[in-house]
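Dropping my_file_0.cif in here (mmCIF, C-alpha atoms):
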```cif
data_input
#
loop_
_atom_site.group_PDB
_atom_site.id
_atom_site.type_symbol
_atom_site.label_atom_id
_atom_site.label_comp_id
_atom_site.auth_asym_id
_atom_site.auth_seq_id
_atom_site.Cartn_x
_atom_site.Cartn_y
_atom_site.Cartn_z
ATOM 1 C CA MET A 1 109.734 98.081 93.911
ATOM 2 C CA LEU A 2 106.421 98.997 92.366
ATOM 3 C CA LYS A 3 106.383 101.104 89.241
ATOM 4 C CA LYS A 4 104.141 104.113 88.856
ATOM 5 C CA GLN A 5 102.093 105.296 85.911
ATOM 6 C CA THR A 6 99.732 108.151 85.174
ATOM 7 C CA LEU A 7 96.160 106.936 85.090
ATOM 8 C CA ASN A 8 94.828 107.706 81.611
ATOM 9 C CA GLY A 9 92.810 110.906 81.432
ATOM 10 C CA THR A 10 93.892 112.090 84.890
ATOM 11 C CA ASP A 11 96.756 113.704 86.767
ATOM 12 C CA LEU A 12 96.951 110.746 89.175
ATOM 13 C CA ASN A 13 100.338 109.002 89.340
ATOM 14 C CA VAL A 14 99.541 105.555 90.746
ATOM 15 C CA SER A 15 101.431 102.372 91.568
ATOM 16 C CA ASN A 16 100.873 99.381 89.312
ATOM 17 C CA LEU A 17 99.259 97.477 92.166
ATOM 18 C CA CYS A 18 96.457 98.868 94.325
ATOM 19 C CA TYR A 19 95.921 97.625 97.869
ATOM 20 C CA GLY A 20 92.312 96.801 98.745
ATOM 21 C CA THR A 21 91.412 97.660 102.327
ATOM 22 C CA ASN A 22 88.086 95.885 102.887
ATOM 23 C CA MET A 23 89.561 94.025 105.895
ATOM 24 C CA LEU A 24 90.944 97.104 107.662
ATOM 25 C CA GLY A 25 89.340 98.544 110.756
ATOM 26 C CA TRP A 26 87.211 95.548 111.697
ATOM 27 C CA MET A 27 89.039 92.281 110.905
ATOM 28 C CA LEU A 28 92.404 93.972 111.398
ATOM 29 C CA ASP A 29 93.050 96.410 114.231
ATOM 30 C CA GLU A 30 94.875 99.719 113.925
ATOM 31 C CA SER A 31 98.320 98.252 114.528
ATOM 32 C CA ALA A 32 97.913 95.499 111.920
ATOM 33 C CA SER A 33 96.300 97.903 109.436
ATOM 34 C CA ASN A 34 99.092 100.445 109.796
ATOM 35 C CA ALA A 35 101.784 97.775 109.438
ATOM 36 C CA ILE A 36 100.300 96.586 106.151
ATOM 37 C CA LEU A 37 99.889 100.074 104.719
ATOM 38 C CA ASP A 38 103.405 100.997 105.826
ATOM 39 C CA VAL A 39 104.951 98.024 104.045
ATOM 40 C CA PHE A 40 102.896 98.710 100.918
ATOM 41 C CA VAL A 41 104.280 102.251 100.809
ATOM 42 C CA SER A 42 107.819 101.012 101.525
ATOM 43 C CA TYR A 43 107.628 98.981 98.300
ATOM 44 C CA GLY A 44 106.578 102.057 96.321
ATOM 45 C CA GLY A 45 102.821 101.579 96.590
ATOM 46 C CA ASN A 46 100.612 104.642 96.787
ATOM 47 C CA PHE A 47 97.223 103.556 95.394
ATOM 48 C CA ILE A 48 94.667 102.511 98.036
ATOM 49 C CA ASP A 49 91.099 101.338 97.461
ATOM 50 C CA THR A 50 88.338 101.489 100.051
ATOM 51 C CA ALA A 51 84.584 102.134 100.204
ATOM 52 C CA ARG A 52 82.051 103.869 102.413
ATOM 53 C CA SER A 53 80.408 100.496 103.093
ATOM 54 C CA TYR A 54 83.480 98.402 103.939
ATOM 55 C CA GLY A 55 83.146 96.995 107.430
ATOM 56 C CA ASP A 56 79.475 97.879 107.811
ATOM 57 C CA TRP A 57 78.601 94.182 107.732
ATOM 58 C CA MET A 58 80.084 93.905 111.245
ATOM 59 C CA PRO A 59 77.644 95.369 113.779
ATOM 60 C CA ASP A 60 80.351 95.945 116.404
ATOM 61 C CA ALA A 61 82.643 97.867 114.036
ATOM 62 C CA PRO A 62 82.324 101.632 113.612
ATOM 63 C CA ALA A 63 80.445 102.772 110.531
ATOM 64 C CA GLY A 64 82.870 103.112 107.629
ATOM 65 C CA ALA A 65 85.493 101.078 109.490
ATOM 66 C CA SER A 66 87.830 100.675 106.509
ATOM 67 C CA GLU A 67 87.757 104.355 105.588
ATOM 68 C CA ARG A 68 88.367 105.306 109.218
ATOM 69 C CA ALA A 69 91.387 102.984 109.375
ATOM 70 C CA VAL A 70 92.799 104.453 106.176
ATOM 71 C CA GLY A 71 92.115 107.972 107.426
ATOM 72 C CA ALA A 72 93.887 107.386 110.739
ATOM 73 C CA TRP A 73 96.929 105.998 108.911
ATOM 74 C CA LEU A 74 96.843 108.797 106.352
ATOM 75 C CA LYS A 75 97.585 111.303 109.115
ATOM 76 C CA THR A 76 101.065 109.750 109.348
ATOM 77 C CA GLN A 77 101.744 110.347 105.633
ATOM 78 C CA LYS A 78 102.128 113.253 103.252
ATOM 79 C CA ARG A 79 98.643 113.556 101.802
ATOM 80 C CA GLU A 80 99.915 114.374 98.314
ATOM 81 C CA ASP A 81 101.923 111.137 98.186
ATOM 82 C CA ILE A 82 98.892 108.851 98.502
ATOM 83 C CA VAL A 83 96.121 108.287 95.950
ATOM 84 C CA ILE A 84 92.886 107.405 97.708
ATOM 85 C CA ALA A 85 90.016 105.749 95.865
ATOM 86 C CA THR A 86 86.729 105.179 97.635
ATOM 87 C CA LYS A 87 83.197 104.290 96.609
ATOM 88 C CA GLY A 88 79.667 105.415 97.421
ATOM 89 C CA GLY A 89 76.119 104.676 96.380
ATOM 90 C CA PHE A 90 76.025 101.164 97.846
ATOM 91 C CA PHE A 91 73.380 99.695 100.146
ATOM 92 C CA ASP A 92 73.305 101.073 103.693
ATOM 93 C CA MET A 93 73.742 97.806 105.568
ATOM 94 C CA ARG A 94 73.628 99.488 108.990
ATOM 95 C CA LEU A 95 70.138 100.810 108.335
ATOM 96 C CA GLY A 96 68.984 97.770 106.395
ATOM 97 C CA ASP A 97 68.456 100.073 103.409
ATOM 98 C CA TYR A 98 68.718 97.786 100.400
ATOM 99 C CA ARG A 99 67.065 100.002 97.827
ATOM 100 C CA ASN A 100 69.194 101.257 94.973
ATOM 101 C CA ARG A 101 71.039 104.250 96.398
ATOM 102 C CA VAL A 102 72.716 105.474 93.207
ATOM 103 C CA THR A 103 70.874 108.786 93.381
ATOM 104 C CA PRO A 104 72.346 112.294 93.622
ATOM 105 C CA GLU A 105 71.034 112.654 97.168
ATOM 106 C CA ASP A 106 72.359 109.340 98.497
ATOM 107 C CA VAL A 107 75.725 109.736 96.784
ATOM 108 C CA ALA A 108 76.091 113.219 98.279
ATOM 109 C CA GLN A 109 75.401 111.778 101.736
ATOM 110 C CA ASP A 110 77.909 108.962 101.245
ATOM 111 C CA LEU A 111 80.526 111.375 99.931
ATOM 112 C CA ASP A 112 80.111 113.613 102.994
ATOM 113 C CA GLN A 113 80.670 110.628 105.257
ATOM 114 C CA SER A 114 83.673 109.377 103.266
ATOM 115 C CA LEU A 115 85.375 112.759 103.462
ATOM 116 C CA ASP A 116 84.788 112.782 107.213
ATOM 117 C CA HIS A 117 85.965 109.193 107.772
ATOM 118 C CA LEU A 118 89.092 109.688 105.679
ATOM 119 C CA GLY A 119 89.831 113.106 107.191
ATOM 120 C CA VAL A 120 90.463 114.690 103.801
ATOM 121 C CA ASP A 121 89.125 117.676 101.887
ATOM 122 C CA SER A 122 89.063 115.917 98.538
ATOM 123 C CA ILE A 123 88.992 112.318 97.318
ATOM 124 C CA ASP A 124 91.362 111.540 94.458
ATOM 125 C CA LEU A 125 89.223 108.954 92.676
ATOM 126 C CA TYR A 126 85.559 108.548 93.592
ATOM 127 C CA PHE A 127 83.721 105.473 92.341
ATOM 128 C CA LEU A 128 80.036 104.828 92.184
ATOM 129 C CA HIS A 129 79.907 101.409 93.845
ATOM 130 C CA MET A 130 77.044 100.192 91.676
ATOM 131 C CA ASP A 131 74.657 101.404 88.982
ATOM 132 C CA ASN A 132 70.981 102.239 88.919
ATOM 133 C CA GLU A 133 70.043 101.235 85.401
ATOM 134 C CA GLU A 134 66.476 102.469 85.855
ATOM 135 C CA THR A 135 67.810 106.022 86.211
ATOM 136 C CA PRO A 136 69.031 108.095 83.237
ATOM 137 C CA VAL A 137 72.752 108.798 83.331
ATOM 138 C CA GLN A 138 72.350 112.571 83.070
ATOM 139 C CA PRO A 139 71.386 113.463 86.673
ATOM 140 C CA ILE A 140 73.993 111.071 88.090
ATOM 141 C CA ILE A 141 76.800 112.486 85.956
ATOM 142 C CA ASP A 142 75.657 116.065 86.554
ATOM 143 C CA ALA A 143 75.869 115.474 90.309
ATOM 144 C CA LEU A 144 79.370 113.990 90.071
ATOM 145 C CA ILE A 145 80.548 116.884 87.913
ATOM 146 C CA GLU A 146 79.185 119.297 90.508
ATOM 147 C CA HIS A 147 81.130 117.550 93.274
ATOM 148 C CA ARG A 148 84.270 117.603 91.141
ATOM 149 C CA GLU A 149 83.949 121.287 90.342
ATOM 150 C CA ALA A 150 83.394 122.010 94.023
ATOM 151 C CA GLY A 151 86.717 120.263 94.745
ATOM 152 C CA ARG A 152 85.213 117.457 96.808
ATOM 153 C CA ILE A 153 86.550 114.875 94.359
ATOM 154 C CA ARG A 154 89.314 115.127 91.763
ATOM 155 C CA HIS A 155 88.059 112.462 89.357
ATOM 156 C CA PHE A 156 85.149 110.042 89.272
ATOM 157 C CA ALA A 157 84.773 106.511 87.970
ATOM 158 C CA ALA A 158 82.385 103.557 87.775
ATOM 159 C CA SER A 159 82.353 100.252 89.638
ATOM 160 C CA ASN A 160 80.051 97.414 88.570
ATOM 161 C CA TRP A 161 78.615 99.461 85.724
ATOM 162 C CA SER A 162 78.078 97.705 82.418
ATOM 163 C CA ALA A 163 80.347 98.740 79.577
ATOM 164 C CA ALA A 164 77.313 100.040 77.679
ATOM 165 C CA ARG A 165 76.226 102.308 80.553
ATOM 166 C CA ILE A 166 79.752 103.656 80.991
ATOM 167 C CA GLN A 167 79.841 104.530 77.297
ATOM 168 C CA GLN A 168 76.435 106.164 77.570
ATOM 169 C CA ALA A 169 77.504 108.193 80.597
ATOM 170 C CA ASN A 170 80.744 109.329 78.994
ATOM 171 C CA ALA A 171 78.972 110.257 75.762
ATOM 172 C CA TYR A 172 76.656 112.491 77.781
ATOM 173 C CA ALA A 173 79.570 114.089 79.645
ATOM 174 C CA ALA A 174 81.370 114.742 76.357
ATOM 175 C CA SER A 175 78.212 116.298 74.889
ATOM 176 C CA ILE A 176 78.335 119.009 77.569
ATOM 177 C CA GLY A 177 82.088 119.445 77.273
ATOM 178 C CA LYS A 178 82.980 117.667 80.522
ATOM 179 C CA ALA A 179 85.117 114.688 81.507
ATOM 180 C CA GLY A 180 83.154 111.623 82.563
ATOM 181 C CA PHE A 181 84.190 108.341 84.138
ATOM 182 C CA VAL A 182 87.973 107.977 84.025
ATOM 183 C CA ALA A 183 88.112 104.278 84.915
ATOM 184 C CA SER A 184 86.067 101.156 85.500
ATOM 185 C CA GLU A 185 86.515 99.042 88.626
ATOM 186 C CA THR A 186 85.639 95.691 87.126
ATOM 187 C CA PHE A 187 85.297 92.085 88.286
ATOM 188 C CA TRP A 188 88.298 90.512 86.597
ATOM 189 C CA GLY A 189 90.832 87.838 87.333
ATOM 190 C CA LEU A 190 92.314 84.929 85.449
ATOM 191 C CA ALA A 191 89.751 82.432 86.745
ATOM 192 C CA LEU A 192 86.486 82.528 84.816
ATOM 193 C CA PRO A 193 83.342 82.689 86.949
ATOM 194 C CA GLU A 194 80.294 80.490 86.834
ATOM 195 C CA VAL A 195 77.992 83.377 86.051
ATOM 196 C CA ASN A 196 74.905 82.451 88.051
ATOM 197 C CA ALA A 197 76.853 81.596 91.206
ATOM 198 C CA ALA A 198 79.014 84.708 90.882
ATOM 199 C CA VAL A 199 75.996 86.998 90.504
ATOM 200 C CA ALA A 200 74.328 85.353 93.489
ATOM 201 C CA GLN A 201 77.436 86.222 95.514
ATOM 202 C CA GLY A 202 77.422 89.838 94.298
ATOM 203 C CA TYR A 203 80.025 89.498 91.539
ATOM 204 C CA GLN A 204 78.686 90.744 88.229
ATOM 205 C CA HIS A 205 79.829 92.127 84.888
ATOM 206 C CA HIS A 206 82.981 90.053 84.505
ATOM 207 C CA TYR A 207 85.535 91.654 82.198
ATOM 208 C CA GLU A 208 85.804 88.987 79.519
ATOM 209 C CA GLY A 209 83.271 89.324 76.758
ATOM 210 C CA GLU A 210 82.050 92.785 77.790
ATOM 211 C CA TYR A 211 84.760 95.346 78.465
ATOM 212 C CA GLU A 212 87.466 94.609 75.897
ATOM 213 C CA ALA A 213 86.490 97.300 73.391
ATOM 214 C CA LEU A 214 85.963 99.941 76.060
ATOM 215 C CA HIS A 215 89.307 99.042 77.599
ATOM 216 C CA ALA A 216 91.071 99.199 74.234
ATOM 217 C CA SER A 217 89.615 102.672 73.666
ATOM 218 C CA GLY A 218 91.811 103.939 76.521
ATOM 219 C CA LEU A 219 89.635 103.617 79.627
ATOM 220 C CA PRO A 220 91.716 102.086 82.458
ATOM 221 C CA VAL A 221 90.399 99.024 84.240
ATOM 222 C CA ILE A 222 90.982 98.732 87.986
ATOM 223 C CA ALA A 223 90.496 95.003 88.459
ATOM 224 C CA TYR A 224 88.859 93.778 91.656
ATOM 225 C CA ALA A 225 88.868 90.108 92.695
ATOM 226 C CA ALA A 226 92.180 90.150 90.831
ATOM 227 C CA GLN A 227 93.467 87.143 92.782
ATOM 228 C CA CYS A 228 90.157 85.306 92.298
ATOM 229 C CA GLY A 229 89.933 84.841 96.041
ATOM 230 C CA GLY A 230 93.112 82.784 95.891
ATOM 231 C CA TYR A 231 91.261 80.170 93.807
ATOM 232 C CA PHE A 232 94.254 78.859 91.855
ATOM 233 C CA SER A 233 96.623 79.065 94.835
ATOM 234 C CA LYS A 234 94.197 77.046 96.940
ATOM 235 C CA LEU A 235 93.527 74.612 94.116
ATOM 236 C CA GLU A 236 97.264 73.939 94.016
ATOM 237 C CA LYS A 237 96.945 72.537 97.531
ATOM 238 C CA GLY A 238 94.044 70.312 96.492
ATOM 239 C CA ALA A 239 90.338 70.677 95.769
ATOM 240 C CA ASP A 240 89.547 70.329 99.478
ATOM 241 C CA ALA A 241 91.419 73.584 100.146
ATOM 242 C CA VAL A 242 88.926 75.540 98.028
ATOM 243 C CA GLY A 243 85.933 76.542 100.117
ATOM 244 C CA GLU A 244 82.394 75.832 98.981
ATOM 245 C CA GLN A 245 81.545 79.431 98.107
ATOM 246 C CA LEU A 246 84.754 80.003 96.143
ATOM 247 C CA ALA A 247 84.388 76.679 94.332
ATOM 248 C CA ALA A 248 80.856 77.636 93.276
ATOM 249 C CA ARG A 249 81.938 81.075 92.090
ATOM 250 C CA TYR A 250 84.584 79.634 89.781
ATOM 251 C CA ALA A 251 82.904 76.363 88.769
ATOM 252 C CA ASN A 252 83.705 77.062 85.139
ATOM 253 C CA PRO A 253 85.232 74.100 83.267
ATOM 254 C CA ALA A 254 87.591 76.442 81.382
ATOM 255 C CA ASN A 255 89.522 76.985 84.613
ATOM 256 C CA SER A 256 91.088 73.527 84.543
ATOM 257 C CA LYS A 257 93.087 74.499 81.456
ATOM 258 C CA ARG A 258 93.954 77.901 82.894
ATOM 259 C CA PHE A 259 95.145 76.250 86.086
ATOM 260 C CA GLU A 260 97.534 74.026 84.143
ATOM 261 C CA ALA A 261 98.857 77.068 82.249
ATOM 262 C CA VAL A 262 99.404 78.976 85.514
ATOM 263 C CA LYS A 263 101.367 76.121 87.040
ATOM 264 C CA THR A 264 103.514 75.754 83.914
ATOM 265 C CA LEU A 265 104.446 79.449 83.895
ATOM 266 C CA ALA A 266 105.048 79.489 87.646
ATOM 267 C CA VAL A 267 107.632 76.730 87.225
ATOM 268 C CA LYS A 268 109.139 78.383 84.151
ATOM 269 C CA HIS A 269 109.678 81.711 85.938
ATOM 270 C CA GLY A 270 110.417 80.310 89.379
ATOM 271 C CA ARG A 271 107.427 82.167 90.824
ATOM 272 C CA THR A 272 104.317 81.326 92.795
ATOM 273 C CA VAL A 273 100.900 80.707 91.305
ATOM 274 C CA ASN A 274 99.643 83.892 93.004
ATOM 275 C CA GLU A 275 102.376 85.973 91.374
ATOM 276 C CA VAL A 276 101.511 84.637 87.917
ATOM 277 C CA VAL A 277 97.797 85.335 88.493
ATOM 278 C CA LEU A 278 98.493 88.976 89.411
ATOM 279 C CA ALA A 279 101.119 89.386 86.672
ATOM 280 C CA TYR A 280 98.515 88.288 84.128
ATOM 281 C CA LEU A 281 96.666 91.535 84.807
ATOM 282 C CA ILE A 282 99.697 93.771 85.347
ATOM 283 C CA ASN A 283 101.035 92.834 81.910
ATOM 284 C CA GLN A 284 97.851 93.462 79.946
ATOM 285 C CA PRO A 285 98.390 95.605 76.809
ATOM 286 C CA ASN A 286 95.765 98.141 77.910
ATOM 287 C CA GLN A 287 96.119 100.013 81.196
ATOM 288 C CA THR A 288 95.143 97.653 83.994
ATOM 289 C CA ILE A 289 95.769 97.978 87.711
ATOM 290 C CA PRO A 290 94.870 94.983 89.877
ATOM 291 C CA ILE A 291 93.503 95.434 93.380
ATOM 292 C CA PHE A 292 95.121 92.843 95.630
ATOM 293 C CA GLY A 293 94.406 91.875 99.195
ATOM 294 C CA GLY A 294 96.285 90.543 102.191
ATOM 295 C CA SER A 295 95.564 90.302 105.900
ATOM 296 C CA SER A 296 99.193 90.276 107.026
ATOM 297 C CA VAL A 297 102.484 91.910 106.127
ATOM 298 C CA SER A 298 103.829 88.597 104.829
ATOM 299 C CA GLN A 299 100.835 88.099 102.523
ATOM 300 C CA VAL A 300 101.173 91.617 101.172
ATOM 301 C CA GLU A 301 104.894 91.231 100.574
ATOM 302 C CA ALA A 302 104.295 87.933 98.772
ATOM 303 C CA SER A 303 101.829 89.547 96.382
ATOM 304 C CA LEU A 304 104.029 92.568 95.746
ATOM 305 C CA LYS A 305 106.598 90.248 94.179
ATOM 306 C CA ALA A 306 104.280 89.952 91.178
ATOM 307 C CA ALA A 307 104.992 93.560 90.213
ATOM 308 C CA ASP A 308 108.276 92.785 88.447
ATOM 309 C CA LEU A 309 107.184 89.560 86.718
ATOM 310 C CA VAL A 310 107.135 90.250 82.977
ATOM 311 C CA LEU A 311 104.893 88.000 80.887
ATOM 312 C CA THR A 312 105.056 88.053 77.100
ATOM 313 C CA ALA A 313 102.056 88.407 74.821
ATOM 314 C CA GLU A 314 102.436 84.721 74.007
ATOM 315 C CA GLU A 315 102.367 83.795 77.698
ATOM 316 C CA LEU A 316 99.300 85.944 78.282
ATOM 317 C CA ALA A 317 97.602 84.118 75.410
ATOM 318 C CA GLN A 318 98.563 80.774 76.949
ATOM 319 C CA LEU A 319 96.933 81.773 80.216
ATOM 320 C CA ARG A 320 93.755 82.993 78.589
ATOM 321 C CA ALA A 321 93.357 80.112 76.111
ATOM 322 C CA ALA A 322 90.482 77.920 77.248
#
```

Rewrite the structure of this file - the entire thing - as structure tokens.
Amino acid sequence: MLKKQTLNGTDLNVSNLCYGTNMLGWMLDESASNAILDVFVSYGGNFIDTARSYGDWMPDAPAGASERAVGAWLKTQKREDIVIATKGGFFDMRLGDYRNRVTPEDVAQDLDQSLDHLGVDSIDLYFLHMDNEETPVQPIIDALIEHREAGRIRHFAASNWSAARIQQANAYAASIGKAGFVASETFWGLALPEVNAAVAQGYQHHYEGEYEALHASGLPVIAYAAQCGGYFSKLEKGADAVGEQLAARYANPANSKRFEAVKTLAVKHGRTVNEVVLAYLINQPNQTIPIFGGSSVSQVEASLKAADLVLTAEELAQLRAA
């Protein structure tokens, strides 16, 4: 069973694994989506991550397909039992609008649509999906505070924001006596990226080397790409099992040593490589909640087994040493 914890600086009691729903509503139909969410809840899960944009890359899917799938399922649950995180301020792929949409006006529009898709009056944790570094933090934070005080969101957080910009935003919020970002949704998994390839694929601001001090100060990290796209699990089957895009993203020579460490600990604990990869994040000394994926009940159940794998500080150091 999954354990629950209060997310620092909030009143949100969340499971120690978060299910990422980017495949729901377009790749997976309603029946498959509901089955996955049902099994996640049956294991004690209650933390679900989605985004206004998820599914919009499929022209035949309804706009906001993932949020709609989550919203339809949510009608079968007690609303207060589920913690919903969603994100706005991303590109509008349906309209071909690829300007930076992290503006008060665009975020307000995305938030309206998310509330409608999810069928809720308030979103528990609202992330800005990206940053607009050419814009001062003040108007963005002011707008989020206004939405929070209006009850449209309970807490807000940052995704793909640099550590420096998060600190700047939270310093501004504190200067006016308000709470700022309560978490960072950050690109982080055990496999180290090849930076140029990762950025080209849309993965930026990897945790290591940037977020450690911010994390240690008490800001929770919600880790996305926590399973590294299954990189180590696929590598275990042979290099040919790793697709070209994934191989490019993680073409960092340090990963060969990390892979050997993962395999050693998997044998030691009688666990799978995937479980060790997720447990690496679950067992971090500072509050960390990995977002995991799975397109079937069996995949989800396999990943949930990582929740009770305890790794020591020494084992964490072995995994990270490279």

May I have the residues at most 10 Å from (106.2, 103.8, 97.2) in the file's coordinates, counting all atoms listed in the file, as an MDAnalysis selection string? chainID A and resid 1:4 14:15 38:47 81:82

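With the shown file loaded, the PyMOL selection byres ((chain A and resi 264-274) around 9) picks out Gln227, Gly230, Phe232, Ser233, Glu236, Phe259, Glu260, Ala261, Val262, Lys263, Glu275, Val276, Val277, Leu278, Ala279, Ala302, Ser303, Lys305, Ala306, Leu309, Glu315 and Leu319 of chain A.
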
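Neighbouring residues of Ile141 of chain A at 9 Å or closer, counting all atoms listed in the file and skipping chain neighbours under 5 positions away, are Pro104, Glu146, Ala169, Asn170, Tyr172, Ala173, Gly180 and Phe181 of chain A.
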
Could you take the residues named above and write them with C-alpha atoms, as a PDB file, in the frame of the given file?
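New file out_10.pdb:
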```
ATOM      1  CA  PRO A 104      72.346 112.294  93.622  1.00  0.00           C
ATOM      2  CA  GLU A 146      79.185 119.297  90.508  1.00  0.00           C
ATOM      3  CA  ALA A 169      77.504 108.193  80.597  1.00  0.00           C
ATOM      4  CA  ASN A 170      80.744 109.329  78.994  1.00  0.00           C
ATOM      5  CA  TYR A 172      76.656 112.491  77.781  1.00  0.00           C
ATOM      6  CA  ALA A 173      79.570 114.089  79.645  1.00  0.00           C
ATOM      7  CA  GLY A 180      83.154 111.623  82.563  1.00  0.00           C
ATOM      8  CA  PHE A 181      84.190 108.341  84.138  1.00  0.00           C
TER       9      PHE A 181
END
```

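Counting from atom CA of Ala254 of chain A, the distance to atom CA of Val310 of chain A is 24.0 Å.
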
Selection: 7 Å around Ala183 of chain A, only C-alpha atoms, excl. self and same-chain fewer than 6 positions, as a ChimeraX atom specification: /A:157-158,219-222

Could you state which residues are captured by the PyMOL selection byres ((chain A and resi 246) around 10) in this file, as number ranges by chain? A: 193, 197-198, 201, 228-231, 234, 242-245, 247-251

Expand the PyMOL selection byres ((chain A and resi 8) around 9) into the explicit residue set it covers here, and present it as an MDAnalysis selection string. chainID A and resid 5:7 9:12 182:183 218:220 287

At most 9 Å is the cut-off: for each residue in segment 68-98 of chain A with any atom that close to an atom of segment 120-130 of chain A, write down the nearest atom pair and the distance in Å rounded to one decimal, counting all atoms listed in the file, chain first then increasing number, as a tab-separated table.
```
residue	atom	partner	partner_atom	distance
A:Gly71	CA	A:Val120	CA	7.8
A:Arg79	CA	A:Val120	CA	8.5
A:Ile82	CA	A:Asp124	CA	9.0
A:Val83	CA	A:Asp124	CA	6.0
A:Ile84	CA	A:Asp124	CA	5.5
A:Ala85	CA	A:Leu125	CA	4.6
A:Thr86	CA	A:Tyr126	CA	5.4
A:Lys87	CA	A:Phe127	CA	4.5
A:Gly88	CA	A:Leu128	CA	5.3
A:Gly89	CA	A:His129	CA	5.6
A:Phe90	CA	A:His129	CA	5.6
```

Axis-aligned box over every listed atom of segment 195-199 of chain A, padded by 6 Å per side: centre and edges in Å to one decimal, as lines of an AutoDock Vina configuration file?
```
center_x = 77.0
center_y = 84.3
center_z = 88.6
size_x = 16.1
size_y = 17.4
size_z = 17.2
```

Just how far from atom CA of Ser295 of chain A is atom CA of Ala226 of chain A, in Å to one decimal? 15.4 Å

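Nearest to Thr76 of chain A of all the residues A:Asp49, A:Ala35, A:Asn255, A:Asn100 is A:Ala35, based on only C-alpha atoms.
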
Near-Thr288 of chain A list (9 Å; all atoms listed in the file; drop same-chain fewer than 4 positions) as an MDAnalysis selection string: chainID A and resid 16 215 220:223 281:284

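Put simply, atom CA of Pro285 of chain A is 17.9 Å away from atom CA of Cys18 of chain A.
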
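Among the candidates A:Ile145, A:Tyr98, A:Ala69, A:Pro139, the one nearest to Gly119 of chain A when counting all atoms listed in the file is A:Ala69.
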
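Among A:Phe91, A:Tyr54, A:Tyr19, A:Tyr280, the residue with the shortest atom-to-atom distance to Ala313 of chain A, counting only C-alpha atoms, is A:Tyr280.
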